[in-house]
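**Student:** Structure file input_36.cif (mmCIF, C-alpha atoms and all ligand atoms) right here:
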```cif
data_entry
#
loop_
_atom_site.label_atom_id
_atom_site.label_comp_id
_atom_site.auth_asym_id
_atom_site.auth_seq_id
_atom_site.Cartn_x
_atom_site.Cartn_y
_atom_site.Cartn_z
CA MET A 1 13.27 13.83 26.69
CA MET A 2 11.72 10.46 27.30
CA ASN A 3 14.16 7.60 27.30
CA PRO A 4 12.05 4.80 25.92
CA ASN A 5 14.83 2.29 26.50
CA VAL A 6 14.73 2.53 30.26
CA PRO A 7 11.10 2.12 31.31
CA PRO A 8 10.47 2.48 35.03
CA ASN A 9 9.07 -1.02 35.33
CA GLY A 10 12.47 -2.45 34.46
CA ASP A 11 11.38 -4.19 31.26
CA SER A 12 14.54 -3.51 29.24
CA SER A 13 13.22 -5.35 26.18
CA ARG A 14 10.53 -2.71 25.63
CA THR A 15 11.36 0.13 23.24
CA SER A 16 8.01 1.87 23.09
CA SER A 17 6.32 3.71 25.92
CA ARG A 18 3.38 2.31 27.82
CA VAL A 19 0.71 4.91 28.44
CA GLY A 20 -1.85 4.19 31.13
CA PHE A 21 -5.29 5.79 31.24
CA LEU A 22 -7.46 6.59 34.20
CA GLY A 23 -10.72 6.47 32.28
CA ALA A 24 -11.72 4.62 29.14
CA GLY A 25 -14.22 6.99 27.57
CA ARG A 26 -14.04 9.38 24.65
CA MET A 27 -10.81 11.16 25.57
CA ALA A 28 -9.00 8.00 26.63
CA GLN A 29 -10.01 6.09 23.50
CA MET A 30 -9.09 8.97 21.19
CA LEU A 31 -5.62 9.38 22.72
CA ALA A 32 -5.18 5.61 22.94
CA ARG A 33 -5.74 5.30 19.18
CA LEU A 34 -3.21 8.05 18.51
CA PHE A 35 -0.58 6.56 20.83
CA LEU A 36 -1.08 3.09 19.35
CA ARG A 37 -0.63 4.52 15.86
CA ALA A 38 2.63 6.04 17.09
CA GLY A 39 3.85 2.62 18.23
CA HIS A 40 3.19 2.89 21.95
CA GLU A 41 1.24 0.52 24.18
CA VAL A 42 -1.85 1.66 26.07
CA VAL A 43 -3.51 0.40 29.24
CA LEU A 44 -7.07 1.54 29.89
CA THR A 45 -8.88 1.47 33.21
CA ASN A 46 -12.23 2.49 34.64
CA SER A 47 -14.06 2.12 37.94
CA ARG A 48 -15.70 -1.17 36.93
CA GLY A 49 -12.63 -3.22 36.10
CA PRO A 50 -10.95 -4.81 33.07
CA ASP A 51 -13.79 -7.23 32.33
CA SER A 52 -16.01 -4.28 31.44
CA LEU A 53 -13.48 -3.11 28.84
CA VAL A 54 -13.19 -6.23 26.70
CA GLU A 55 -14.98 -4.69 23.70
CA VAL A 56 -13.13 -1.39 23.95
CA ILE A 57 -9.76 -3.17 24.04
CA ALA A 58 -10.70 -5.41 21.13
CA ALA A 59 -11.69 -2.37 19.08
CA LEU A 60 -8.38 -0.64 19.85
CA GLY A 61 -6.45 -3.71 18.72
CA PRO A 62 -2.90 -4.94 19.34
CA GLY A 63 -0.97 -3.00 21.94
CA ALA A 64 -4.05 -2.20 24.02
CA SER A 65 -4.95 -3.83 27.31
CA ALA A 66 -7.14 -3.20 30.34
CA ALA A 67 -6.24 -3.17 34.01
CA TRP A 68 -7.26 -1.85 37.40
CA PRO A 69 -6.22 1.74 38.22
CA ALA A 70 -4.06 0.65 41.17
CA THR A 71 -1.67 -1.15 38.81
CA LEU A 72 -1.02 1.78 36.46
CA ALA A 73 1.83 3.46 38.31
CA ASP A 74 3.93 0.28 38.32
CA ARG A 75 3.09 -0.75 34.75
CA CYS A 76 3.18 2.51 32.83
CA ASP A 77 5.62 5.26 31.91
CA VAL A 78 2.92 7.91 31.92
CA ILE A 79 -0.63 8.05 33.29
CA VAL A 80 -3.34 10.06 31.51
CA LEU A 81 -6.16 11.35 33.71
CA ALA A 82 -9.28 11.24 31.51
CA VAL A 83 -12.36 11.10 33.72
CA PRO A 84 -15.17 13.65 34.15
CA TRP A 85 -14.50 16.32 36.75
CA ALA A 86 -16.99 14.83 39.23
CA HIS A 87 -14.94 11.62 39.34
CA VAL A 88 -11.45 13.09 39.48
CA ALA A 89 -10.92 12.74 43.23
CA ASP A 90 -12.17 9.13 43.35
CA ALA A 91 -10.19 8.16 40.30
CA LEU A 92 -6.93 9.64 41.58
CA ARG A 93 -7.45 7.94 44.93
CA SER A 94 -7.78 4.61 43.16
CA LEU A 95 -4.27 5.01 41.70
CA GLY A 96 -2.67 4.57 45.12
CA ASP A 97 0.86 5.91 45.55
CA VAL A 98 2.18 6.96 42.16
CA HIS A 99 5.71 7.69 43.46
CA GLY A 100 6.75 10.40 41.00
CA ALA A 101 4.81 9.22 37.96
CA VAL A 102 4.06 11.67 35.18
CA VAL A 103 0.30 12.32 35.17
CA ILE A 104 -1.17 14.09 32.16
CA ASP A 105 -4.26 15.98 33.24
CA THR A 106 -6.75 16.24 30.38
CA THR A 107 -9.68 17.24 32.59
CA ASN A 108 -11.76 20.38 32.61
CA ASN A 109 -13.66 21.60 35.65
CA ARG A 110 -17.08 21.43 34.05
CA VAL A 111 -20.09 19.17 34.41
CA GLY A 112 -21.61 19.93 31.01
CA PRO A 113 -21.08 21.96 27.85
CA ARG A 114 -22.82 25.22 28.90
CA PRO A 115 -20.99 28.22 30.39
CA GLU A 116 -22.90 27.70 33.63
CA ASP A 117 -21.62 24.13 33.82
CA ILE A 118 -18.19 25.31 34.94
CA VAL A 119 -17.32 24.19 38.48
CA ASP A 120 -16.10 27.19 40.48
CA LEU A 121 -12.59 26.51 41.73
CA GLY A 122 -12.12 29.94 43.26
CA GLY A 123 -9.94 31.15 40.43
CA ARG A 124 -7.62 28.14 40.43
CA GLY A 125 -6.97 26.06 37.36
CA SER A 126 -8.22 22.46 37.43
CA SER A 127 -4.70 21.05 37.29
CA GLU A 128 -3.78 22.85 40.49
CA VAL A 129 -6.57 20.90 42.17
CA VAL A 130 -5.42 17.69 40.50
CA ALA A 131 -1.84 18.25 41.67
CA GLU A 132 -3.06 18.71 45.24
CA LEU A 133 -5.02 15.47 45.06
CA VAL A 134 -2.03 13.48 43.85
CA PRO A 135 0.95 15.20 45.47
CA SER A 136 3.50 12.51 44.60
CA ALA A 137 2.82 12.89 40.86
CA ARG A 138 4.46 15.18 38.34
CA VAL A 139 1.35 16.71 36.78
CA VAL A 140 1.34 18.11 33.25
CA LYS A 141 -1.77 19.76 31.86
CA ALA A 142 -2.37 18.82 28.23
CA PHE A 143 -5.09 17.81 25.76
CA ASN A 144 -7.74 19.75 27.72
CA HIS A 145 -8.15 22.83 25.54
CA GLN A 146 -9.63 21.42 22.31
CA PRO A 147 -12.68 19.30 21.44
CA ILE A 148 -11.89 15.59 21.61
CA PRO A 149 -12.82 14.89 17.93
CA SER A 150 -10.37 17.53 16.73
CA LEU A 151 -7.49 15.38 17.98
CA ALA A 152 -8.25 12.94 15.18
CA THR A 153 -6.88 15.47 12.69
CA LEU A 154 -3.37 15.35 14.16
CA GLY A 155 -0.84 14.24 11.62
CA GLU A 156 -3.07 15.04 8.67
CA PRO A 157 -1.56 17.02 5.79
CA GLY A 158 -1.61 20.78 6.16
CA ALA A 159 -0.28 23.26 8.66
CA PRO A 160 1.03 21.50 11.79
CA ARG A 161 -1.33 21.68 14.78
CA ALA A 162 -0.28 22.90 18.19
CA LEU A 163 -1.02 21.35 21.56
CA PHE A 164 -0.44 23.36 24.72
CA LEU A 165 1.14 21.90 27.84
CA ALA A 166 1.83 23.32 31.29
CA GLY A 167 3.62 21.94 34.32
CA ASP A 168 6.22 22.57 36.97
CA ASP A 169 8.56 19.66 36.21
CA ASP A 170 10.67 20.18 33.08
CA ALA A 171 11.55 16.51 32.68
CA ALA A 172 7.88 15.54 32.88
CA LYS A 173 7.00 18.21 30.33
CA SER A 174 9.69 16.87 28.00
CA ILE A 175 8.14 13.41 28.20
CA VAL A 176 4.71 14.79 27.37
CA ALA A 177 6.11 16.97 24.59
CA GLU A 178 7.68 13.87 23.06
CA LEU A 179 4.34 12.07 23.18
CA ILE A 180 2.68 15.05 21.49
CA ARG A 181 5.28 14.98 18.71
CA ALA A 182 4.83 11.23 18.33
CA ILE A 183 1.14 11.68 17.51
CA GLY A 184 1.79 14.45 15.01
CA GLY A 185 1.31 17.57 17.15
CA VAL A 186 3.64 20.43 17.97
CA PRO A 187 4.02 21.02 21.73
CA ILE A 188 3.76 24.60 22.93
CA ASP A 189 4.89 25.14 26.52
CA THR A 190 2.65 27.66 28.30
CA GLY A 191 4.64 27.68 31.57
CA GLY A 192 4.07 26.36 35.07
CA LEU A 193 0.96 24.65 36.36
CA VAL A 194 -0.42 27.87 37.86
CA GLU A 195 0.40 30.43 35.18
CA GLY A 196 0.29 28.20 32.09
CA GLY A 197 -2.40 25.97 33.50
CA ARG A 198 -4.76 28.88 34.02
CA LEU A 199 -4.10 30.17 30.50
CA GLN A 200 -5.17 26.74 29.24
CA SER A 201 -8.13 26.40 31.59
CA THR A 202 -11.68 26.11 30.42
CA GLY A 203 -14.11 28.83 31.47
CA GLY A 204 -11.93 31.86 30.84
CA GLY A 205 -8.42 30.74 30.00
CA PRO A 206 -7.54 32.50 26.73
CA LEU A 207 -5.91 29.38 25.24
CA ALA A 208 -9.00 27.18 25.68
CA GLY A 209 -12.36 27.26 23.99
CA HIS A 210 -11.27 27.82 20.38
CA GLY A 211 -13.35 24.82 19.35
CA ARG A 212 -10.57 23.32 17.25
CA LEU A 213 -6.85 22.71 17.19
CA LEU A 214 -4.82 25.84 16.42
CA THR A 215 -2.02 26.00 13.92
CA VAL A 216 1.42 26.59 15.41
CA GLU A 217 1.35 30.18 14.20
CA GLU A 218 -2.09 30.78 15.73
CA ALA A 219 -1.08 29.14 18.99
CA THR A 220 2.16 31.09 19.27
CA THR A 221 0.32 34.36 18.69
CA ALA A 222 -2.45 33.40 21.12
CA LEU A 223 0.11 32.57 23.82
CA ALA A 224 1.99 35.84 23.33
CA ASP A 225 -1.31 37.78 23.48
CA ALA A 226 -2.44 35.84 26.54
CA ARG A 227 0.79 36.50 28.41
CA ARG A 228 0.48 40.19 27.62
CA THR A 229 -3.15 40.57 28.68
CA TYR A 230 -4.07 37.83 31.16
CA ARG A 231 -4.15 38.91 34.79
CA LEU A 232 -3.22 36.13 37.19
CA ASN A 233 -5.05 36.30 40.53
CA ARG A 234 -3.28 34.43 43.29
N1 LIG A 301 -15.58 16.80 25.65
C1 LIG A 301 -14.49 17.27 25.16
O1 LIG A 301 -14.39 17.61 23.96
C2 LIG A 301 -13.29 17.42 26.07
C3 LIG A 301 -12.19 18.17 25.61
C4 LIG A 301 -11.07 18.28 26.43
C5 LIG A 301 -11.06 17.66 27.68
N2 LIG A 301 -12.15 16.95 28.08
C6 LIG A 301 -12.10 16.32 29.42
O2 LIG A 301 -11.76 14.96 29.25
C7 LIG A 301 -12.17 14.23 30.43
C8 LIG A 301 -12.78 12.91 30.02
O3 LIG A 301 -13.96 13.18 29.29
P1 LIG A 301 -14.65 12.05 28.39
O4 LIG A 301 -15.56 12.77 27.47
O5 LIG A 301 -13.61 11.13 27.85
O6 LIG A 301 -15.52 11.27 29.49
P2 LIG A 301 -16.40 9.96 29.25
O7 LIG A 301 -16.50 9.62 27.81
O8 LIG A 301 -17.64 10.16 30.06
O9 LIG A 301 -15.52 8.82 29.94
C9 LIG A 301 -15.22 8.87 31.29
C10 LIG A 301 -14.47 7.61 31.68
O10 LIG A 301 -14.07 7.74 33.04
C11 LIG A 301 -14.31 6.49 33.68
N3 LIG A 301 -14.40 6.70 35.12
C12 LIG A 301 -15.37 7.31 35.83
N4 LIG A 301 -15.06 7.28 37.13
C13 LIG A 301 -13.89 6.63 37.25
C14 LIG A 301 -13.06 6.28 38.35
N5 LIG A 301 -13.37 6.61 39.62
N6 LIG A 301 -11.91 5.62 38.10
C15 LIG A 301 -11.57 5.29 36.84
N7 LIG A 301 -12.32 5.59 35.75
C16 LIG A 301 -13.46 6.25 35.97
C17 LIG A 301 -15.61 6.02 33.05
O11 LIG A 301 -15.80 4.63 33.21
P3 LIG A 301 -16.73 4.00 34.38
O12 LIG A 301 -17.89 4.94 34.57
O13 LIG A 301 -17.10 2.69 33.82
O14 LIG A 301 -15.84 3.92 35.57
C18 LIG A 301 -15.31 6.35 31.57
O15 LIG A 301 -14.55 5.33 31.00
C19 LIG A 301 -13.14 15.16 31.18
O16 LIG A 301 -12.52 15.67 32.35
C20 LIG A 301 -13.40 16.29 30.19
O17 LIG A 301 -13.65 17.52 30.81
C21 LIG A 301 -13.26 16.81 27.31
#
```
As structure tokens - that is how I would like this structure written.
Ligand SMILES: NC(=O)c1ccc[n+]([C@@H]2O[C@H](COP(=O)([O-])OP(=O)(O)OC[C@H]3O[C@@H](n4cnc5c(N)ncnc54)[C@H](OP(=O)(O)O)[C@@H]3O)[C@@H](O)[C@H]2O)c1
**Tutor:**
Amino acid sequence: MMNPNVPPNGDSSRTSSRVGFLGAGRMAQMLARLFLRAGHEVVLTNSRGPDSLVEVIAALGPGASAAWPATLADRCDVIVLAVPWAHVADALRSLGDVHGAVVIDTTNNRVGPRPEDIVDLGGRGSSEVVAELVPSARVVKAFNHQPIPSLATLGEPGAPRALFLAGDDDAAKSIVAELIRAIGGVPIDTGGLVEGGRLQSTGGGPLAGHGRLLTVEEATTALADARRTYRLNR
């Protein structure tokens, strides 16, 4: 579980979490709004620098700021990777050494919306590639399996909505699960980055591509079905 009272940057007066974003586009802004609503701070970055994000930060309001990617690991409790697949390697490189930071990988290995737009990773899940590119991070795959606009419905009245997460570090997964709860979702742990990550992967993973957020009951059933039927090729 995240301990919001002991942030890694040593600012003991801070009681909320500070969530950094690699990327400032649709995914980053959607999650930033949700985290701000939950009382957290957000720091957005892109490849062009903070000056290019003045309007985005103003629209997000209090609690939002912009920075350069290289400052995120020191300033933030968690870093969200939210850039298109083609920019993942460059973006992760721009972080520098993240020395154990929790990195939430929201990416999908696609370059467009069509089935043929999937980038062939030789059977691996995208987060396995991400974890290789940033070996000192604790990578958790989350927020990749649903359309971005559907996240806006989190916390609305009705059946609670599930969000899947996968990763190899239990403490990191607990931190991400807590963030999911804070924005009104119910975290469903799909397993490690290989097994769970592939279940959640776009382009064939049985937990992705539903086109909406699943209810907890739907997600639990889908995960049980997936574990029963999905064949993992190593
Ligand atoms: N579409 C969906 O419904 C959906 C659902 C789940 C997951 N996803 C995934 O979410 C991720 C983000 O998608 P999006 O729709 O939010 O993309 P987007 O709107 O195109 O935004 C991409 C952001 O990444 C920034 N960026 C590009 N290169 C960068 C770099 N080297 N360093 C830092 N920032 C960089 C861009 O800013 P600059 O160009 O100014 O640097 C921009 O702010 C993708 O991997 C996508 O597959 C999408």
**Student:** Of the candidates A:Gly49, A:Gly155, A:Gly125, A:Pro147, which shows the shortest atom-to-atom distance to ligand LIG 301 (chain A), using all atoms listed in the file?
**Tutor:**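 So, comparing all the options, the nearest one is A:Pro147.
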**Student:** Hey, which of A:Asp117, A:Asp225, A:Asp97, A:Glu41 ends up closest to ligand LIG 301 (chain A)? Count only C-alpha atoms and all ligand atoms.
**Tutor:** A:Asp117
**Student:** List all protein, DNA and RNA residues that have an atom no more than 7 Å from any atom of ligand LIG 301 (chain A), counting only C-alpha atoms and all ligand atoms, and report them as a PyMOL selection string.
**Tutor:** chain A and resi 22-28+45-48+69+82-85+87-88+90-91+94+106-110+143-149
**Student:** Select, from A:Asp105, A:Glu218, A:Glu178, A:Asp189, the residue with the minimum atom-to-atom distance to A:Ala38, counting all atoms listed in the file.
**Tutor:** A:Glu178
**Student:** Excluding A:Ala171 and any residue of its chain fewer than 2 positions from it, enumerate the residues within 10 Å of it, using only C-alpha atoms, and give them as a PDB file with C-alpha atoms, in the frame of the given file.
**Tutor:**
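This went into result_17.pdb:
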```
ATOM      1  CA  MET A   1      13.270  13.830  26.690  1.00  0.00           C
ATOM      2  CA  MET A   2      11.720  10.460  27.300  1.00  0.00           C
ATOM      3  CA  VAL A 102       4.060  11.670  35.180  1.00  0.00           C
ATOM      4  CA  ARG A 138       4.460  15.180  38.340  1.00  0.00           C
ATOM      5  CA  GLY A 167       3.620  21.940  34.320  1.00  0.00           C
ATOM      6  CA  ASP A 168       6.220  22.570  36.970  1.00  0.00           C
ATOM      7  CA  ASP A 169       8.560  19.660  36.210  1.00  0.00           C
ATOM      8  CA  LYS A 173       7.000  18.210  30.330  1.00  0.00           C
ATOM      9  CA  SER A 174       9.690  16.870  28.000  1.00  0.00           C
ATOM     10  CA  ILE A 175       8.140  13.410  28.200  1.00  0.00           C
ATOM     11  CA  VAL A 176       4.710  14.790  27.370  1.00  0.00           C
ATOM     12  CA  ALA A 177       6.110  16.970  24.590  1.00  0.00           C
TER      13      ALA A 177
END
```
**Student:** Need to verify the contact set: A:Ile118, 12 Å, all atoms listed in the file, exclusion of same-chain residues closer than 2 positions in sequence. Can you return it as a ChimeraX atom specification?
**Tutor:** /A:85-86,107-116,120-123,125-126,201-204
**Student:** Using the selection just defined, write its residues with C-alpha atoms as a JSON list (two decimals), in the frame of the given file.
**Tutor:**
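So again-v8.json came out as:
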```json
[["chain", "number", "residue", "atom", "x", "y", "z"],
["A", 85, "TRP", "CA", -14.50, 16.32, 36.75],
["A", 86, "ALA", "CA", -16.99, 14.83, 39.23],
["A", 107, "THR", "CA", -9.68, 17.24, 32.59],
["A", 108, "ASN", "CA", -11.76, 20.38, 32.61],
["A", 109, "ASN", "CA", -13.66, 21.60, 35.65],
["A", 110, "ARG", "CA", -17.08, 21.43, 34.05],
["A", 111, "VAL", "CA", -20.09, 19.17, 34.41],
["A", 112, "GLY", "CA", -21.61, 19.93, 31.01],
["A", 113, "PRO", "CA", -21.08, 21.96, 27.85],
["A", 114, "ARG", "CA", -22.82, 25.22, 28.90],
["A", 115, "PRO", "CA", -20.99, 28.22, 30.39],
["A", 116, "GLU", "CA", -22.90, 27.70, 33.63],
["A", 120, "ASP", "CA", -16.10, 27.19, 40.48],
["A", 121, "LEU", "CA", -12.59, 26.51, 41.73],
["A", 122, "GLY", "CA", -12.12, 29.94, 43.26],
["A", 123, "GLY", "CA", -9.94, 31.15, 40.43],
["A", 125, "GLY", "CA", -6.97, 26.06, 37.36],
["A", 126, "SER", "CA", -8.22, 22.46, 37.43],
["A", 201, "SER", "CA", -8.13, 26.40, 31.59],
["A", 202, "THR", "CA", -11.68, 26.11, 30.42],
["A", 203, "GLY", "CA", -14.11, 28.83, 31.47],
["A", 204, "GLY", "CA", -11.93, 31.86, 30.84]]
```
**Student:** What separation in Å, quoted to one decimal, exists between atom CA of A:Val98 and atom CA of A:Asp170?
**Tutor:**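 Result for atom CA of A:Val98 versus atom CA of A:Asp170: 18.1 Å, one decimal.
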**Student:** One number please: atom CA of A:Pro187 to atom CA of A:Leu223, in Å, one decimal.
**Tutor:** 12.4 Å
**Student:** What does the structure give for the distance between atom CA of A:Leu36 and atom CA of A:Ile183, in Å to one decimal?
**Tutor:**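 Computing the Euclidean distance for atom CA of A:Leu36 and atom CA of A:Ile183 yields 9.1 Å.
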**Student:** Calculated over only C-alpha atoms, which of the candidates A:Arg93, A:Arg198, A:Arg18, A:Arg37 has the smallest distance to A:Val80?
**Tutor:** A:Arg18
**Student:** Excluding A:Thr220 and any residue of its chain fewer than 4 positions from it, enumerate the residues within 9 Å of it, using only C-alpha atoms, and give them as an NGL selection string.
**Tutor:** :A and (162 or 188 or 215-216 or 224-225)
**Student:** When distances are computed from all atoms listed in the file, which of A:His99, A:Thr229, A:Ala172, A:Cys76 shows the smallest separation from A:Gly192?
**Tutor:**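 Of all the options, A:Ala172 lies closest to A:Gly192.
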**Student:** Nearest to A:Gly158 among A:Ala226, A:Ala32, A:Ile57, A:Leu214, with distances taken over all atoms listed in the file: which residue is it?
**Tutor:**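 That would be A:Leu214, the residue with the smallest distance to A:Gly158.
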**Student:** How would you write as number ranges by chain the residues that get within 10 Å of (8.4, 6.8, 43.6) in the file's frame, counting only C-alpha atoms?
**Tutor:** A: 8, 73-74, 97-101, 136-137
